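Report on one structure; see the data block that follows.
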Amino acid sequence: MSHLARLGAAVLSLLAGTGRVVLFLLAAAHALVRPPFYFSELRRALLNIGYFSLPVVGLTAFFTGAALALQIYEGGARFNVQSVVPSIVAIAIVRELGPVLGGLMVAARVASSIAAEIGTMRVTEQIDALVTLSTDPMRYLVAPRLLAAVIAVPALVAVGDAIGIMGGWLVGTSRLGVPSAAYLQATRDFLEAGDVLSGLVKGAVFGLIVALMGCYHGMNSDRGAQGVGRATTSAVVSSAILVLAANYLMTEVFFSP
Amino acid sequence: MIRVEGLCKAFGDTQVLDGVTLDVATGESCVIIGGSGTGKSVLLKCILGLARPDAGAVLLDGDSVTRTGREAFLSRFGMLFQGAALFDSLPIWENVAFRLLRGPLRRPRAEAHEIAIEKLRRVGLSPDIADLYPAELSGGMQKRAGLARAIAADPEIIFFDEPTTGLDPIMAGVINDLIRGIVSEMGVTALTITHDMGSVRAIADRVALLHAGTVRWQGTVAEMEATADPYVTQFIEGRADGPISALR
Ligand SMILES: Nc1ncnc2c1ncn2[C@@H]1O[C@H](COP(=O)(O)OP(=O)(O)OP(=O)(O)O)[C@@H](O)[C@H]1O
Ligand SMILES: [Mg+2]
């Protein structure tokens, strides 16, 4: 019985948590469409989430594309179909690995920084101070970050796609002896607009998840440095898991046979 | 006029406020004293709606402050937090001019900058620090910058949570004069928390002693000096023995 009760309590708290996140998202969406808008905050968030994530996302994509080319060449050699390397690298990067690994790297970099920043503001009473200065924290802190992530992460994914394909190309031409022009031609022939688009949509959703988790856990941070630490951990872990879960769901929707 | 009626607030099992009733008249400087941890800061937060009281009401000019009226209510307020609560991401002058750079009180940037510099000067901070960030200031300087922010938009009602804590005696005198000045000259209503009896004597029209979740004693400064109330005398004289336990 006590096991059952514990299970029930866990399910209830999960549901309650989900409900709180959904309410938080609705409040943020409401704040997003009603003035005042804080454009300088949006610019700051775009810089932090988008521009400063470029190196991390770019390097991740580059090495993934390069490793992928080697793997697929090696695997393809068993069936004498090494020629699929460019097309499979392109598809895998654009549809799946670009957005997912990009999303995870952004989760690590951005969810943590948002949660730590907002959490610190919470425990040092800066959020209270905002309220007393007639500024709604949802509008000033949360809405710009959500919007910035939804704009910036697809852009990061697009850049990551290009760099990932370049990584594959570099390995393909230098190590596997594929002629450069043929590699690029195969990539171009095979990729469809839908592949790229689905990856960008995934990126937008991942951006929303990451910023939402960062803001939610930061705003609800407990008191003290420990509270901020816990909020940061929760933000990273929950956004990473939600990114993977959302990726599966979206892949079902976009590509189910 | 601010009226607080039967305000109660508990955190878990600890009943911090247990029926606080207090009136602050318009243009009056009221000072709240009381032992550390008796809930003075919590009281201010409940009045401002930053913490939700479990029971009781806050009336401003006779109207109950509800959720919808909060914005109008807060637009008349300035608040100095105990820990200054400056925004880390903004330079000092933008902190001070926060209200003047956005929202209904928005001014041109140059004008807001000028006002910020002037307010910084009033709290004894030189214009040189205007472009620094809060983390680059000492604790007492942060406190004074927070004070400048609280008075920047010339609010009608200002709450000061320990304005002179962490300041040297000369600076404390400057801040006391400043608070007294804005109350007497500009007719501001001030509610100040302090442990510093020098401050109490310098700025208070009326003093309230918070103890065990309620207002244990209140009166003018002259009455405070004359009273035989054991709680008040223990507090003024700073004795460890008396009705207020030293262990809390
Ligand atoms: N957010 C909170 N969660 C839990 N307990 C709290 C919270 N805020 C305050 N308390 C508790 O309420 C009590 C009163 O706190 P408060 O900060 O109002 O004290 P204070 O009178 O301002 O003391 P001091 O003079 O030291 O600043 C303390 O026991 C504190 O632990
Ligand atoms: Mg306090």
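Simple scheme: letters A, B, ... for chains in structure tokens order, numbers from 1 for residues in each chain, numbers from 1 for ligands in the order shown.
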
List as a ChimeraX atom specification the protein and nucleic acid residues near Thr21 in chain B, meaning an atom at most 7 Å away when only C-alpha atoms are counted, but skip any in the same chain fewer than 2 places from it.
/B:4-7,19,215

Please identify all protein, DNA and RNA residues within 6 Å of ligand 1, counting only C-alpha atoms and all ligand atoms, and report them as a list in words.
Phe11, Val16, Ser36, Gly37, Thr38, Gly39, Lys40, Ser41 and Val42 of chain B

Any idea what's packed within 9 Å of range 200-207 of chain A, counting only C-alpha atoms, ignoring anything in its chain fewer than 6 positions away? Could you give it as a PyMOL selection string?
-> chain A and resi 94-96+98-100+102-104+106-107+146-158+239+242-244+246-247+250-251

task = Give me the residues within 12 Å of Pro169 in chain B as a PyMOL selection string, counting only C-alpha atoms and dropping any in the same chain fewer than 3 places off.
result = chain B and resi 140+164-166+172-176+196+198-199

Emit the selected residues as a compact mmCIF listing (two decimals), in the first residue's frame, including N, CA, C and O atoms.
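Okay, result_38.txt is ready:
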# COMPACT_ATOMS: atom_id res chain seq x y z
N GLY B 140 28.08 49.22 1.16
CA GLY B 140 27.44 50.49 1.54
C GLY B 140 27.14 51.36 0.32
O GLY B 140 26.12 52.05 0.30
N THR B 164 20.60 52.68 6.73
CA THR B 164 21.94 53.07 7.17
C THR B 164 22.81 51.90 7.61
O THR B 164 23.94 52.10 8.02
N THR B 165 22.27 50.67 7.52
CA THR B 165 23.08 49.52 7.92
C THR B 165 24.28 49.37 6.99
O THR B 165 24.13 49.45 5.78
N GLY B 166 25.45 49.21 7.57
CA GLY B 166 26.64 49.02 6.75
C GLY B 166 27.27 50.32 6.29
O GLY B 166 28.15 50.30 5.45
N ALA B 172 25.85 57.64 7.34
CA ALA B 172 24.56 57.39 7.98
C ALA B 172 23.87 58.72 8.25
O ALA B 172 22.65 58.87 8.04
N GLY B 173 24.66 59.73 8.70
CA GLY B 173 24.10 61.05 8.96
C GLY B 173 23.55 61.67 7.67
O GLY B 173 22.45 62.24 7.68
N VAL B 174 24.31 61.52 6.58
CA VAL B 174 23.85 62.06 5.30
C VAL B 174 22.51 61.44 4.91
O VAL B 174 21.57 62.12 4.49
N ILE B 175 22.41 60.11 5.06
CA ILE B 175 21.19 59.41 4.65
C ILE B 175 20.02 59.79 5.56
O ILE B 175 18.90 60.00 5.10
N ASN B 176 20.30 59.90 6.89
CA ASN B 176 19.24 60.34 7.80
C ASN B 176 18.70 61.71 7.39
O ASN B 176 17.49 61.92 7.34
N ASP B 196 19.15 51.21 14.10
CA ASP B 196 20.07 52.25 14.52
C ASP B 196 19.28 53.33 15.26
O ASP B 196 18.50 54.06 14.66
N GLY B 198 20.14 56.06 16.53
CA GLY B 198 20.46 57.40 16.04
C GLY B 198 19.55 57.76 14.87
O GLY B 198 18.99 58.86 14.81
N SER B 199 19.39 56.81 13.98
CA SER B 199 18.48 56.99 12.85
C SER B 199 17.05 57.24 13.32
O SER B 199 16.36 58.10 12.81

Here CA of Glu117 in chain A and CA of Thr135 in chain A stand apart by 17.4 Å

Any chance you could list, as a list in words, the residues in range 134-179 of chain B that come up strand (DSSP E) when DSSP is run on the backbone?
Ile157, Ile158, Phe159, Phe160 and Asp161 of chain B

Selected residues written out with all heavy atoms, as a short mmCIF file (atom, residue, chain, number, x, y, z; two decimals), in the first residue's frame:
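Below is the file that was written, out-v6.cif:
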data_model
loop_
_atom_site.label_atom_id
_atom_site.label_comp_id
_atom_site.auth_asym_id
_atom_site.auth_seq_id
_atom_site.Cartn_x
_atom_site.Cartn_y
_atom_site.Cartn_z
N ILE B 157 5.25 57.62 -1.65
CA ILE B 157 5.43 56.77 -0.47
C ILE B 157 6.73 55.99 -0.66
O ILE B 157 6.95 55.42 -1.72
CB ILE B 157 4.27 55.77 -0.34
CG1 ILE B 157 2.92 56.51 -0.38
CG2 ILE B 157 4.41 54.94 0.92
CD1 ILE B 157 1.75 55.62 -0.66
N ILE B 158 7.58 56.01 0.35
CA ILE B 158 8.84 55.27 0.22
C ILE B 158 9.05 54.37 1.42
O ILE B 158 8.83 54.77 2.57
CB ILE B 158 10.04 56.23 0.10
CG1 ILE B 158 9.73 57.37 -0.87
CG2 ILE B 158 11.25 55.46 -0.39
CD1 ILE B 158 10.90 58.29 -1.11
N PHE B 159 9.44 53.14 1.14
CA PHE B 159 9.80 52.19 2.18
C PHE B 159 11.32 52.02 2.18
O PHE B 159 11.91 51.78 1.13
CB PHE B 159 9.17 50.81 1.91
CG PHE B 159 7.69 50.77 2.12
CD1 PHE B 159 6.99 49.58 1.91
CD2 PHE B 159 6.97 51.88 2.54
CE1 PHE B 159 5.62 49.52 2.10
CE2 PHE B 159 5.60 51.84 2.74
CZ PHE B 159 4.93 50.65 2.51
N PHE B 160 11.91 52.15 3.35
CA PHE B 160 13.36 51.97 3.46
C PHE B 160 13.62 50.80 4.39
O PHE B 160 13.25 50.85 5.55
CB PHE B 160 14.03 53.21 4.06
CG PHE B 160 13.79 54.48 3.29
CD1 PHE B 160 12.84 55.39 3.70
CD2 PHE B 160 14.56 54.77 2.17
CE1 PHE B 160 12.63 56.57 3.00
CE2 PHE B 160 14.36 55.96 1.47
CZ PHE B 160 13.39 56.86 1.89
N ASP B 161 14.26 49.75 3.88
CA ASP B 161 14.60 48.63 4.74
C ASP B 161 16.06 48.77 5.16
O ASP B 161 16.97 48.49 4.39
CB ASP B 161 14.37 47.31 4.01
CG ASP B 161 14.33 46.12 4.97
OD1 ASP B 161 14.82 46.27 6.10
OD2 ASP B 161 13.81 45.06 4.58
#

With a cut-off of 7 Å and counting only C-alpha atoms, select all residues of chain A in contact with chain B and give the selection as a short mmCIF file (atom, residue, chain, number, x, y, z; two decimals) with N, CA, C and O atoms, in the first residue's frame.
data_model
loop_
_atom_site.label_atom_id
_atom_site.label_comp_id
_atom_site.auth_asym_id
_atom_site.auth_seq_id
_atom_site.Cartn_x
_atom_site.Cartn_y
_atom_site.Cartn_z
N THR A 124 18.23 37.28 -4.72
CA THR A 124 18.76 38.55 -4.24
C THR A 124 17.69 39.65 -4.32
O THR A 124 18.01 40.83 -4.28
N GLU A 125 16.45 39.24 -4.46
CA GLU A 125 15.29 40.16 -4.44
C GLU A 125 15.24 41.10 -5.63
O GLU A 125 14.49 42.07 -5.62
N GLN A 126 16.02 40.81 -6.69
CA GLN A 126 15.95 41.69 -7.87
C GLN A 126 14.60 41.55 -8.58
O GLN A 126 14.12 42.51 -9.18
N ASP A 128 11.73 40.98 -7.00
CA ASP A 128 10.84 41.81 -6.19
C ASP A 128 11.05 43.28 -6.53
O ASP A 128 10.09 44.05 -6.64
N ALA A 129 12.33 43.65 -6.71
CA ALA A 129 12.63 45.05 -7.03
C ALA A 129 11.99 45.43 -8.37
O ALA A 129 11.44 46.53 -8.50
N THR A 132 8.39 46.23 -7.75
CA THR A 132 8.16 47.52 -7.11
C THR A 132 8.47 48.67 -8.07
O THR A 132 8.02 49.78 -7.84
N LEU A 133 9.24 48.40 -9.13
CA LEU A 133 9.49 49.45 -10.12
C LEU A 133 8.49 49.35 -11.27
O LEU A 133 8.75 49.77 -12.39
N SER A 134 7.32 48.76 -10.96
CA SER A 134 6.22 48.67 -11.93
C SER A 134 6.62 47.95 -13.21
O SER A 134 6.17 48.31 -14.29
#

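By only C-alpha atoms, and with residues fewer than 2 positions from Ile49 in chain A along its chain excluded, the set lying at most 7 Å from it is A:Ala45, A:Leu46, A:Leu47, A:Tyr51, A:Phe52, A:Ser53, A:Val110, A:Ala149, A:Ala152.
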
The residue from A:Val89, A:Val56, A:Ala111, A:Leu26 with the smallest atom-to-atom distance to Leu68 in chain A, counting only C-alpha atoms, is A:Val89

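Distance-wise, CA of Gln185 in chain A and CA of Tyr73 in chain A end up 17.4 Å apart.
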
Counting only C-alpha atoms and all ligand atoms, closest pick from B:Thr233, B:Thr227, B:Ser245, B:Thr192 relative to ligand 2 is B:Thr192

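Residues in contact range of Leu184 in chain A, defined as at most 9 Å between only C-alpha atoms, with sequence neighbours fewer than 5 positions away removed, read Pro86, Trp169, Pro179 and Asp189 of chain A.
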
Please provide the set of residues having any atom within 10 Å of Leu212 in chain A, restricted to only C-alpha atoms, with same-chain residues fewer than 4 positions apart removed, written as a ChimeraX atom specification.
/A:21-22,24-25,28,111,114-115,142-143,145-146,149,206-208,216-218,235,239

I need the residues of range 31-241 of chain B that end up classed as helix (DSSP H, G or I) by DSSP on the backbone, written out as number ranges by chain. B: 40-48, 70-74, 92-96, 98-101, 109-122, 127-131, 134-136, 139-151, 169-186, 197-203, 221-226, 230-237
